[in-house]
>>> print(open('work.pdb').read())   # PDB, C-alpha atoms
ATOM      1  CA  MET A  27       0.000   0.000   0.000
ATOM      2  CA  GLU A  28       1.507   3.323  -1.091
ATOM      3  CA  ILE A  29       0.884   5.787   1.744
ATOM      4  CA  ASP A  30       2.508   9.215   1.573
ATOM      5  CA  ILE A  31       2.816   9.927   5.294
ATOM      6  CA  LYS A  32       5.976  12.019   4.995
ATOM      7  CA  SER A  33       4.341  14.662   2.798
ATOM      8  CA  ALA A  34       1.472  14.919   5.306
ATOM      9  CA  HIS A  35       3.812  15.982   8.161
ATOM     10  CA  GLY A  36       3.933  12.441   9.506
ATOM     11  CA  LEU A  37       0.166  12.131   9.990
ATOM     12  CA  ILE A  38      -2.635  11.199   7.628
ATOM     13  CA  PRO A  39      -6.396  11.359   8.188
ATOM     14  CA  ALA A  40      -8.137   8.015   8.590
ATOM     15  CA  ILE A  41     -11.877   7.877   7.935
ATOM     16  CA  ILE A  42     -13.473   5.023   9.875
ATOM     17  CA  GLN A  43     -16.513   3.404   8.257
ATOM     18  CA  ASP A  44     -18.686   0.597   9.603
ATOM     19  CA  SER A  45     -18.063  -2.361   7.283
ATOM     20  CA  GLU A  46     -21.728  -3.415   7.383
ATOM     21  CA  THR A  47     -23.833  -0.262   7.607
ATOM     22  CA  LYS A  48     -21.320   1.831   5.595
ATOM     23  CA  ASN A  49     -21.901   4.731   8.001
ATOM     24  CA  VAL A  50     -18.922   6.958   8.813
ATOM     25  CA  LEU A  51     -18.123   6.484  12.495
ATOM     26  CA  MET A  52     -15.253   8.867  13.140
ATOM     27  CA  LEU A  53     -12.113  10.534  11.821
ATOM     28  CA  GLY A  54      -8.707  10.007  13.359
ATOM     29  CA  TYR A  55      -5.053  10.497  12.419
ATOM     30  CA  MET A  56      -2.401   7.866  11.846
ATOM     31  CA  ASN A  57       1.339   7.790  11.526
ATOM     32  CA  GLU A  58       3.417   4.889  10.198
ATOM     33  CA  GLU A  59       3.628   3.269  13.611
ATOM     34  CA  SER A  60      -0.113   3.392  14.325
ATOM     35  CA  LEU A  61      -0.879   2.057  10.857
ATOM     36  CA  GLN A  62       1.502  -0.846  11.410
ATOM     37  CA  LYS A  63       0.020  -1.582  14.843
ATOM     38  CA  THR A  64      -3.493  -1.525  13.343
ATOM     39  CA  ILE A  65      -2.454  -4.125  10.778
ATOM     40  CA  GLU A  66      -0.661  -6.301  13.354
ATOM     41  CA  THR A  67      -3.330  -6.235  16.080
ATOM     42  CA  GLN A  68      -6.397  -5.935  13.817
ATOM     43  CA  LYS A  69      -7.599  -3.169  16.170
ATOM     44  CA  VAL A  70      -7.747   0.377  14.788
ATOM     45  CA  THR A  71      -4.982   2.439  16.377
ATOM     46  CA  PHE A  72      -4.405   6.169  15.920
ATOM     47  CA  PHE A  73      -1.747   8.688  16.811
ATOM     48  CA  SER A  74      -3.310  10.945  19.437
ATOM     49  CA  ARG A  75      -2.310  14.533  18.722
ATOM     50  CA  SER A  76      -3.394  15.668  22.201
ATOM     51  CA  LYS A  77      -1.603  12.858  24.097
ATOM     52  CA  GLN A  78       1.282  12.643  21.599
ATOM     53  CA  ARG A  79       1.234   8.843  21.656
ATOM     54  CA  LEU A  80      -0.358   5.820  19.995
ATOM     55  CA  TRP A  81      -3.957   5.282  21.014
ATOM     56  CA  THR A  82      -5.961   2.137  20.259
ATOM     57  CA  LYS A  83      -9.643   2.993  20.036
ATOM     58  CA  GLY A  84     -11.336   1.193  22.923
ATOM     59  CA  GLU A  85      -8.209   0.704  25.032
ATOM     60  CA  GLU A  86     -10.045   2.192  28.028
ATOM     61  CA  SER A  87     -13.736   1.782  27.148
ATOM     62  CA  GLY A  88     -13.564  -1.639  25.494
ATOM     63  CA  ASN A  89     -15.331  -0.158  22.443
ATOM     64  CA  PHE A  90     -12.765  -1.386  19.940
ATOM     65  CA  LEU A  91     -12.868  -0.980  16.176
ATOM     66  CA  ASN A  92     -12.002  -4.378  14.725
ATOM     67  CA  LEU A  93     -10.209  -3.981  11.408
ATOM     68  CA  VAL A  94     -11.853  -5.306   8.240
ATOM     69  CA  SER A  95      -9.981  -3.482   5.468
ATOM     70  CA  ILE A  96      -7.760  -0.498   4.687
ATOM     71  CA  LYS A  97      -7.826   1.483   1.450
ATOM     72  CA  ASN A  98      -5.959   4.605   0.477
ATOM     73  CA  ASP A  99      -7.306   7.347  -1.753
ATOM     74  CA  CYS A 100      -6.104   8.324  -5.219
ATOM     75  CA  ASP A 101      -3.417  10.677  -3.826
ATOM     76  CA  GLY A 102      -2.184   8.201  -1.219
ATOM     77  CA  ASP A 103      -2.680  10.655   1.625
ATOM     78  CA  THR A 104      -6.000   9.623   3.206
ATOM     79  CA  LEU A 105      -7.115   6.230   4.504
ATOM     80  CA  LEU A 106     -10.561   4.661   4.417
ATOM     81  CA  ILE A 107     -10.704   2.026   7.122
ATOM     82  CA  GLN A 108     -13.641  -0.336   7.325
ATOM     83  CA  ALA A 109     -14.154  -1.793  10.772
ATOM     84  CA  LYS A 110     -16.635  -3.614  12.957
ATOM     85  CA  PRO A 111     -17.364  -1.464  16.006
ATOM     86  CA  VAL A 112     -17.697  -3.059  19.429
ATOM     87  CA  GLY A 113     -20.152  -0.706  21.115
ATOM     88  CA  PRO A 114     -20.514   3.028  20.477
ATOM     89  CA  THR A 115     -17.639   4.797  18.736
ATOM     90  CA  CYS A 116     -17.883   8.331  20.132
ATOM     91  CA  HIS A 117     -16.530   9.160  23.602
ATOM     92  CA  THR A 118     -19.948  10.729  24.339
ATOM     93  CA  GLY A 119     -21.577   7.297  24.069
ATOM     94  CA  ALA A 120     -23.119   7.967  20.652
ATOM     95  CA  ASP A 121     -22.789   5.449  17.837
ATOM     96  CA  THR A 122     -20.869   7.946  15.693
ATOM     97  CA  CYS A 123     -18.936  11.148  16.292
ATOM     98  CA  TRP A 124     -21.753  12.942  14.431
ATOM     99  CA  GLN A 125     -24.267  11.833  17.073
ATOM    100  CA  GLU A 126     -26.099   9.579  14.603
ATOM    101  CA  GLU A 127     -27.456   6.091  15.041
ATOM    102  CA  ASN A 128     -25.310   3.508  13.327
ATOM    103  CA  LYS A 129     -28.030   1.537  11.615
ATOM    104  CA  GLU A 130     -28.323   0.313   8.068
ATOM    105  CA  ASN A 131     -29.992   2.737   5.718
ATOM    106  CA  TYR A 132     -31.658   1.683   2.508
ATOM    107  CA  GLY A 133     -31.935   5.140   1.009
ATOM    108  CA  PHE A 134     -35.395   5.748  -0.413
ATOM    109  CA  ILE A 135     -36.799   2.578   1.197
ATOM    110  CA  SER A 136     -35.795   3.857   4.637
ATOM    111  CA  GLN A 137     -37.420   7.220   3.818
ATOM    112  CA  LEU A 138     -40.564   5.361   2.792
ATOM    113  CA  GLU A 139     -40.548   3.439   6.078
ATOM    114  CA  ASN A 140     -40.344   6.761   7.937
ATOM    115  CA  THR A 141     -43.242   8.165   5.869
ATOM    116  CA  ILE A 142     -45.360   5.104   6.710
ATOM    117  CA  LYS A 143     -44.498   5.538  10.398
ATOM    118  CA  THR A 144     -45.438   9.244  10.309
ATOM    119  CA  ARG A 145     -48.741   8.573   8.553
ATOM    120  CA  ARG A 146     -49.577   5.873  11.086
ATOM    121  CA  GLU A 147     -48.752   8.152  14.016
ATOM    122  CA  ASN A 148     -50.769  11.073  12.612
ATOM    123  CA  ALA A 149     -53.678   8.666  12.011
ATOM    124  CA  ASP A 150     -55.692  10.915   9.688
ATOM    125  CA  SER A 151     -57.530   8.112   7.916
ATOM    126  CA  GLU A 152     -59.649  10.504   5.842
ATOM    127  CA  LYS A 153     -56.571  11.973   4.146
ATOM    128  CA  SER A 154     -54.052   9.144   4.335
ATOM    129  CA  TYR A 155     -54.403   5.756   2.653
ATOM    130  CA  VAL A 156     -51.712   4.373   4.982
ATOM    131  CA  ALA A 157     -53.502   5.607   8.109
ATOM    132  CA  SER A 158     -56.768   4.127   6.849
ATOM    133  CA  LEU A 159     -55.123   0.719   6.399
ATOM    134  CA  PHE A 160     -53.741   0.776   9.933
ATOM    135  CA  GLU A 161     -57.174   1.759  11.204
ATOM    136  CA  LYS A 162     -58.715  -1.287   9.478
ATOM    137  CA  GLY A 163     -56.281  -3.587  11.256
ATOM    138  CA  ILE A 164     -53.828  -6.378  10.612
ATOM    139  CA  ASN A 165     -56.253  -8.607   8.706
ATOM    140  CA  LYS A 166     -56.920  -5.953   6.056
ATOM    141  CA  ILE A 167     -53.220  -5.126   5.733
ATOM    142  CA  ALA A 168     -52.297  -8.809   5.359
ATOM    143  CA  GLN A 169     -55.093  -9.232   2.802
ATOM    144  CA  LYS A 170     -53.687  -6.341   0.741
ATOM    145  CA  VAL A 171     -50.230  -7.949   0.739
ATOM    146  CA  GLY A 172     -51.795 -11.205  -0.480
ATOM    147  CA  GLU A 173     -53.715  -9.422  -3.233
ATOM    148  CA  GLU A 174     -50.627  -7.560  -4.405
ATOM    149  CA  ALA A 175     -48.548 -10.769  -4.366
ATOM    150  CA  VAL A 176     -51.086 -12.494  -6.624
ATOM    151  CA  GLU A 177     -51.034  -9.520  -9.005
ATOM    152  CA  VAL A 178     -47.217  -9.688  -9.180
ATOM    153  CA  VAL A 179     -47.415 -13.384 -10.085
ATOM    154  CA  ILE A 180     -50.009 -12.693 -12.790
ATOM    155  CA  GLU A 181     -47.963  -9.868 -14.311
ATOM    156  CA  ALA A 182     -44.770 -11.946 -14.156
ATOM    157  CA  LYS A 183     -46.370 -14.396 -16.595
ATOM    158  CA  ASP A 184     -47.195 -11.632 -19.091
ATOM    159  CA  ASP A 185     -44.882  -9.478 -21.205
ATOM    160  CA  ASN A 186     -45.784  -6.035 -19.856
ATOM    161  CA  ASP A 187     -42.725  -5.015 -17.834
ATOM    162  CA  ASP A 188     -44.294  -1.706 -16.769
ATOM    163  CA  LEU A 189     -47.248  -3.476 -15.158
ATOM    164  CA  PHE A 190     -44.973  -6.036 -13.533
ATOM    165  CA  LEU A 191     -42.830  -3.289 -11.987
ATOM    166  CA  SER A 192     -45.881  -1.322 -10.902
ATOM    167  CA  GLU A 193     -47.401  -4.333  -9.146
ATOM    168  CA  SER A 194     -44.002  -5.143  -7.603
ATOM    169  CA  ALA A 195     -43.876  -1.606  -6.181
ATOM    170  CA  ASP A 196     -47.394  -2.046  -4.757
ATOM    171  CA  LEU A 197     -46.369  -5.341  -3.143
ATOM    172  CA  LEU A 198     -43.242  -3.869  -1.561
ATOM    173  CA  PHE A 199     -45.160  -0.826  -0.314
ATOM    174  CA  HIS A 200     -47.860  -2.931   1.338
ATOM    175  CA  TYR A 201     -45.280  -5.354   2.729
ATOM    176  CA  LEU A 202     -43.504  -2.441   4.460
ATOM    177  CA  ILE A 203     -46.861  -1.469   5.987
ATOM    178  CA  LEU A 204     -47.406  -5.052   7.159
ATOM    179  CA  LEU A 205     -43.952  -5.148   8.741
ATOM    180  CA  GLN A 206     -44.722  -2.017  10.764
ATOM    181  CA  ALA A 207     -48.136  -3.360  11.726
ATOM    182  CA  LYS A 208     -46.296  -6.340  13.217
ATOM    183  CA  GLY A 209     -43.770  -4.068  14.956
ATOM    184  CA  PHE A 210     -40.855  -4.669  12.581
ATOM    185  CA  GLN A 211     -38.868  -2.932   9.868
ATOM    186  CA  LEU A 212     -36.932  -4.091   6.825
ATOM    187  CA  ASN A 213     -33.742  -4.250   8.942
ATOM    188  CA  ASP A 214     -35.284  -7.104  10.929
ATOM    189  CA  VAL A 215     -35.853  -9.142   7.770
ATOM    190  CA  VAL A 216     -32.337  -8.377   6.521
ATOM    191  CA  ASP A 217     -30.935  -9.626   9.848
ATOM    192  CA  VAL A 218     -32.702 -12.970   9.318
ATOM    193  CA  LEU A 219     -31.276 -13.222   5.790
ATOM    194  CA  LYS A 220     -27.775 -12.453   7.076
ATOM    195  CA  LYS A 221     -28.037 -15.289   9.613
ATOM    196  CA  ARG A 222     -28.975 -17.666   6.787
ATOM    197  CA  GLN A 223     -25.979 -16.682   4.667
ATOM    198  CA  LYS A 224     -23.391 -19.451   4.405
TER     199      LYS A 224
END
>>> encode(input="work.pdb", output="structure tokens")
Amino acid sequence: MEIDIKSAHGLIPAIIQDSETKNVLMLGYMNEESLQKTIETQKVTFFSRSKQRLWTKGEESGNFLNLVSIKNDCDGDTLLIQAKPVGPTCHTGADTCWQEENKENYGFISQLENTIKTRRENADSEKSYVASLFEKGINKIAQKVGEEAVEVVIEAKDDNDDLFLSESADLLFHYLILLQAKGFQLNDVVDVLKKRQK
């Protein structure tokens, strides 16, 4: 790995990213010695500018960052380190140094889950289709998922890709509603799939 530590005054920034969620956990600085120790121990180790010594994240708290991979950027003067955190990363007790939860995010799908949650909480069934479904109860929601699943199967056997995708979107939307009606989110299903992975 070509790392240009000398041109960076002996220290280079190291961005720490959760290897699973892909969230940025923190930023630290490394010198050659801390980089070598990280590789040898498989625990992310920095050079502490305030203490002027090597500092392994978690050496006091037990909240280590277990090394998964190290990449350098195109200029060779910044590291991207993927790690598995053991506990919260920030000294304040937060998951990240930006005070964010370190949970998997599925982009638009996660936004859609939040919209469903908001509509359910606001419970204006006259204006919101989602709120009206929750008001009708679990049986109606489960029935809608069944109906949409049948429509996906029917469209899969035809040649109209637009209809197939539209029905697939309806199925996914109603399935996300059903998950919340049962007290779950997509993350819970993904966790089950991860456990099945061999």
>>> resolve_selection(input="work.pdb", expression="the PyMOL selection byres ((chain A and resi 135) around 12)", output="PyMOL selection string")
chain A and resi 130-134+136-142+195+198-199+201-203+211-213
>>> resolve_selection(input="work.pdb", expression="the PyMOL selection byres ((chain A and resi 62) around 12)", output="list in words")
Met27, Ile29, Met56, Asn57, Glu58, Glu59, Ser60, Leu61, Lys63, Thr64, Ile65, Glu66, Thr67, Gln68, Lys69, Val70, Thr71, Phe72, Phe73, Leu80, Thr82 and Ile96 of chain A
>>> write_last_selection(input="work.pdb", atoms="C-alpha atoms", output="PDB file, keeping the file's coordinate frame")
ATOM      1  CA  MET A  27       0.000   0.000   0.000  1.00  0.00           C
ATOM      2  CA  ILE A  29       0.884   5.787   1.744  1.00  0.00           C
ATOM      3  CA  MET A  56      -2.401   7.866  11.846  1.00  0.00           C
ATOM      4  CA  ASN A  57       1.339   7.790  11.526  1.00  0.00           C
ATOM      5  CA  GLU A  58       3.417   4.889  10.198  1.00  0.00           C
ATOM      6  CA  GLU A  59       3.628   3.269  13.611  1.00  0.00           C
ATOM      7  CA  SER A  60      -0.113   3.392  14.325  1.00  0.00           C
ATOM      8  CA  LEU A  61      -0.879   2.057  10.857  1.00  0.00           C
ATOM      9  CA  LYS A  63       0.020  -1.582  14.843  1.00  0.00           C
ATOM     10  CA  THR A  64      -3.493  -1.525  13.343  1.00  0.00           C
ATOM     11  CA  ILE A  65      -2.454  -4.125  10.778  1.00  0.00           C
ATOM     12  CA  GLU A  66      -0.661  -6.301  13.354  1.00  0.00           C
ATOM     13  CA  THR A  67      -3.330  -6.235  16.080  1.00  0.00           C
ATOM     14  CA  GLN A  68      -6.397  -5.935  13.817  1.00  0.00           C
ATOM     15  CA  LYS A  69      -7.599  -3.169  16.170  1.00  0.00           C
ATOM     16  CA  VAL A  70      -7.747   0.377  14.788  1.00  0.00           C
ATOM     17  CA  THR A  71      -4.982   2.439  16.377  1.00  0.00           C
ATOM     18  CA  PHE A  72      -4.405   6.169  15.920  1.00  0.00           C
ATOM     19  CA  PHE A  73      -1.747   8.688  16.811  1.00  0.00           C
ATOM     20  CA  LEU A  80      -0.358   5.820  19.995  1.00  0.00           C
ATOM     21  CA  THR A  82      -5.961   2.137  20.259  1.00  0.00           C
ATOM     22  CA  ILE A  96      -7.760  -0.498   4.687  1.00  0.00           C
TER      23      ILE A  96
END
>>> atom_distance(input="work.pdb", atom1="atom CA of A:Lys153", atom2="atom CA of A:Asp214")
29.4 Å
>>> closest_residue(input="work.pdb", among="A:Leu159, A:Ile180, A:Leu105, A:Ala207", to="A:Ser194", atoms="all atoms listed in the file")
A:Ile180
>>> resolve_selection(input="work.pdb", expression="the PyMOL selection byres ((chain A and resi 127) around 12)", output="ChimeraX atom specification")
/A:44,47,49-51,113-116,119-126,128-131
>>> residues_near_point(input="work.pdb", point="(-15.9, 6.9, 8.2)", cutoff="9 Å", atoms="all atoms listed in the file", output="list in words")
Ala40, Ile41, Ile42, Gln43, Asp44, Lys48, Asn49, Val50, Leu51, Met52, Leu53, Leu106, Ile107 and Gln108 of chain A
>>> atom_distance(input="work.pdb", atom1="atom CA of A:Asp187", atom2="atom CA of A:Glu173")
18.8 Å
>>> residues_around(input="work.pdb", residues="A:Glu161", least_positions_apart="6", cutoff="9 Å", atoms="all atoms listed in the file", output="ChimeraX atom specification")
/A:146,149,151
>>> atom_distance(input="work.pdb", atom1="atom CA of A:Phe190", atom2="atom CA of A:Lys170")
16.7 Å
>>> closest_residue(input="work.pdb", among="A:Ile38, A:Ile164, A:Leu91, A:Val178", to="A:Asp103", atoms="all atoms listed in the file")
A:Ile38
